[in-house]
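> Below is the structure I would like to discuss, written out as structure tokens.
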Amino acid sequence: MKYRHAHHAGNFADVHKHVTLLALLAALQRKEKGLLYLETHAGRGVYDLGESAAESRAGIARLEAVACEAPELRHYLDRVAQLRRAGGSKHLYPGSPWLAASALRAQDRGVLVEALAEEARALERALGPVAGRVRIETGDGFARLRAELPPVERRALILIDPPYEQTREDFERVRIGLAEALRRLATGVVAIWYPIKHARDTDRWLEAVARELDREALVSQLWLHPCDSRVALNGSGLLIVNPPYQLDERMSQWLPELYRCLGGTAQGGCAVQPLTPARA
Ligand SMILES: C[S@@+](CC[C@H](N)C(=O)[O-])C[C@H]1O[C@@H](n2cnc3c(N)ncnc32)[C@H](O)[C@@H]1O
């Protein structure tokens, strides 16, 4: 496996994913009852943009340069600033495990899975003081879905964020993993990040997912380049199954603002739409 998330940390897709993750956690934490946060592809938790900042210039750096108004965007920027203060460096960028682990309450629990031992060790170091009720597992995130679900809490937020290095294979494993997760915990909130290279391919995959789904789901997409251009990554997508109440309304507010803040032009766009389950 050649993929290292450090090359992509803080890019526009990370920003889209991380703002959404924090919004999901906050929505679920409106209830007192504890939850399991399960992340199948965790990465190293904290990244140094001073070492590999190229993609973050069109991501977090753009967002920081403008005034954001939506509470979700401000909350995300506050959390990035919090990490930088704590770590004493303005170049640090939090991965999803850091953002989630530092937001968990005493009644919540986290399980973070990472395949590469070196990345998992870095994750342990990165979480340090925010590790709290979090367990780090080295292994295959898709296999751990079966092992960790259903959780004793009967409530879970599951983030599935593979590298899509073997694009077709990863999309297929995600589709199967989602079905498995929902079989074990039908009410689990599942967020799946996916790359948009050709809209035609992602649309086909979403149709295949919808055919199997009997739950409510939401698709949030943001693309900075036309969806068929030959750049490496045209857009970022998130499929959210069992979305919390009114998430779509809030997202319809902050996603266009995020798009503007990222310097979106007429060539790109963003959209929040329900994914209509075929078996509803
Ligand atoms: C896109 S990165 C994760 C980024 C992280 N979720 C974030 O937003 O900060 C994908 C990670 O999955 C790891 N990985 C690849 N295959 C895996 C597998 N089968 N199980 C668990 N982790 C895997 C890679 O080493 C990489 O660190």
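A note on labels: chains of the structure tokens are A, B, ... as shown, every chain counts residues from 1, and ligands are counted from 1 in their shown order.
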Can you work out which residues are within 7 Å of ligand 1, considering only C-alpha atoms and all ligand atoms, and then hand them over as an NGL selection string?

:A and (3-5 or 14 or 17-18 or 40-45 or 94-97 or 113-116 or 119 or 139-142 or 161-163)

> Any idea what's packed within 9 Å of Arg133 in chain A, counting only C-alpha atoms, ignoring anything in its chain fewer than 6 positions away? Could you give it as number ranges by chain?

A: 101, 104-111

> Can you list, as a list in words, every protein, DNA or RNA residue that comes within 7 Å of range 182-191 of chain A when you count only C-alpha atoms, leaving out same-chain residues fewer than 2 positions away?

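Returned residues: Leu149, Pro150, Arg155, Ala156, Leu157, Ile158, Leu159, Ile160, Leu178, Ala179, Glu180, Trp193, Leu238, Leu239, Ile240, Val241, Asn242 and Pro243 of chain A.
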
> Please produce a file of those selected residues containing C-alpha atoms, as a short mmCIF file (atom, residue, chain, number, x, y, z; two decimals), in the first residue's frame.


data_model
loop_
_atom_site.label_atom_id
_atom_site.label_comp_id
_atom_site.auth_asym_id
_atom_site.auth_seq_id
_atom_site.Cartn_x
_atom_site.Cartn_y
_atom_site.Cartn_z
CA LEU A 149 -21.02 -4.02 15.88
CA PRO A 150 -23.51 -3.99 17.44
CA ARG A 155 -25.83 3.91 19.26
CA ALA A 156 -22.95 4.47 16.86
CA LEU A 157 -21.40 6.89 14.44
CA ILE A 158 -19.29 4.99 11.93
CA LEU A 159 -16.86 6.72 9.59
CA ILE A 160 -15.62 4.74 6.59
CA LEU A 178 -22.24 -0.68 4.77
CA ALA A 179 -24.74 -3.50 4.30
CA GLU A 180 -22.93 -5.51 7.00
CA TRP A 193 -16.35 9.45 2.23
CA LEU A 238 -20.15 11.92 1.62
CA LEU A 239 -22.91 9.38 1.89
CA ILE A 240 -24.64 9.60 5.26
CA VAL A 241 -27.00 6.80 6.21
CA ASN A 242 -29.51 7.43 9.01
CA PRO A 243 -28.72 11.16 9.07
#

> Taking only C-alpha atoms into account, produce a table as a tab-separated table in which each residue of range 45-109 of chain A with an atom at most 9 Å from an atom of range 22-27 of chain A appears once, together with its shortest atom pair and the distance in Å to one decimal, ordered by chain and rising number.


residue	atom	partner	partner_atom	distance
A:Glu72	CA	A:Ala23	CA	6.3
A:His75	CA	A:Leu22	CA	8.1
A:Tyr76	CA	A:Leu22	CA	7.0
A:Ser96	CA	A:Leu22	CA	8.9
A:Leu99	CA	A:Leu22	CA	7.3
A:Ala100	CA	A:Leu22	CA	7.2
A:Ala103	CA	A:Leu25	CA	7.8
A:Leu104	CA	A:Leu25	CA	8.5

> For the selection you just gave me, I'd like the residues written to a file as a compact mmCIF listing (two decimals), in the first residue's frame, keeping N, CA and C atoms.


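Heads up, here's the output in part-v7.txt:
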# COMPACT_ATOMS: atom_id res chain seq x y z
N GLU A 72 -21.17 25.75 11.94
CA GLU A 72 -20.45 24.49 11.70
C GLU A 72 -19.03 24.75 11.19
N HIS A 75 -17.01 26.28 14.08
CA HIS A 75 -16.69 25.25 15.06
C HIS A 75 -15.47 24.45 14.59
N TYR A 76 -15.48 24.08 13.32
CA TYR A 76 -14.36 23.32 12.74
C TYR A 76 -13.06 24.13 12.83
N SER A 96 -9.42 13.05 11.28
CA SER A 96 -10.73 12.75 11.87
C SER A 96 -10.63 12.09 13.25
N LEU A 99 -10.17 14.86 15.82
CA LEU A 99 -11.38 15.68 15.95
C LEU A 99 -12.45 14.93 16.74
N ALA A 100 -12.62 13.66 16.42
CA ALA A 100 -13.66 12.89 17.09
C ALA A 100 -13.27 12.60 18.54
N ALA A 103 -13.77 15.22 20.97
CA ALA A 103 -15.16 15.65 21.18
C ALA A 103 -15.97 14.61 21.97
N LEU A 104 -15.37 13.43 22.22
CA LEU A 104 -16.15 12.40 22.92
C LEU A 104 -16.37 12.79 24.38

> Give me the residues within 10 Å of Leu83 in chain A as a list in words, counting only C-alpha atoms and dropping any in the same chain fewer than 6 places off.

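Returned residues: Val46, Ser89, Lys90, His91, Leu92, Tyr93, Pro94, Trp98, Leu99 and Ser102 of chain A.
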
> Mind running range 22-136 of chain A against range 254-257 of chain A at 8 Å and telling me each contacting residue's nearest atom pair with the distance in Å (one decimal), counting only C-alpha atoms, chain and number ascending, as a tab-separated table?


residue	atom	partner	partner_atom	distance
A:Cys68	CA	A:Glu257	CA	7.6
A:Ala70	CA	A:Trp254	CA	5.7
A:Glu72	CA	A:Trp254	CA	7.0
A:Leu73	CA	A:Trp254	CA	7.2

> Write the selection just made, keeping N, CA and C atoms, as a CSV table (one decimal), in the first residue's frame?


chain,number,residue,atom,x,y,z
A,68,CYS,N,-15.8,33.1,7.9
A,68,CYS,CA,-16.9,32.1,7.7
A,68,CYS,C,-18.0,32.5,8.7
A,70,ALA,N,-21.2,30.4,9.1
A,70,ALA,CA,-22.0,29.2,9.6
A,70,ALA,C,-21.3,28.7,10.8
A,72,GLU,N,-21.2,25.8,11.9
A,72,GLU,CA,-20.5,24.5,11.7
A,72,GLU,C,-19.0,24.8,11.2
A,73,LEU,N,-18.9,25.8,10.3
A,73,LEU,CA,-17.6,26.1,9.8
A,73,LEU,C,-16.7,26.7,10.9

> In Å, rounded to a single decimal, give me how far CA of Arg175 in chain A is from CA of Lys33 in chain A.

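So the answer is 28.7 Å.
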
> May I have all residues of range 71-277 of chain A that DSSP, computed from the backbone, assigns to helix (DSSP H, G or I), given as a PyMOL selection string?

chain A and resi 71-87+96-101+117-130+141-148+167-184+199-212+247-261

> DSSP on the backbone, then: every residue of range 90-168 of chain A marked strand (DSSP E), written as a ChimeraX atom specification.

/A:92-94,109-114,134-138,156-160

> I need the residue nearest Gly177 in chain A from this list: A:Asp201, A:Arg144, A:Arg62, A:Ser229. Use only C-alpha atoms for the distance.

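Closest residue, counting only C-alpha atoms: A:Arg144.
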
> Would you pick out the contacts of Ala266 in chain A at 12 Å or less, using only C-alpha atoms, so that residues sharing its chain but fewer than 4 positions from it are not included, and give the list as a list in words?

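So the residues in contact are Trp223, Leu224, His225, Pro226, Tyr259, Arg260 and Cys270 of chain A.
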
> Could you check the closest approach to Val66 in chain A for each of A:Pro244, A:Pro151, A:Gly268, A:Gly263 and tell me which residue wins, using only C-alpha atoms?

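Ranked by minimum distance to Val66 in chain A, first place goes to A:Gly263.
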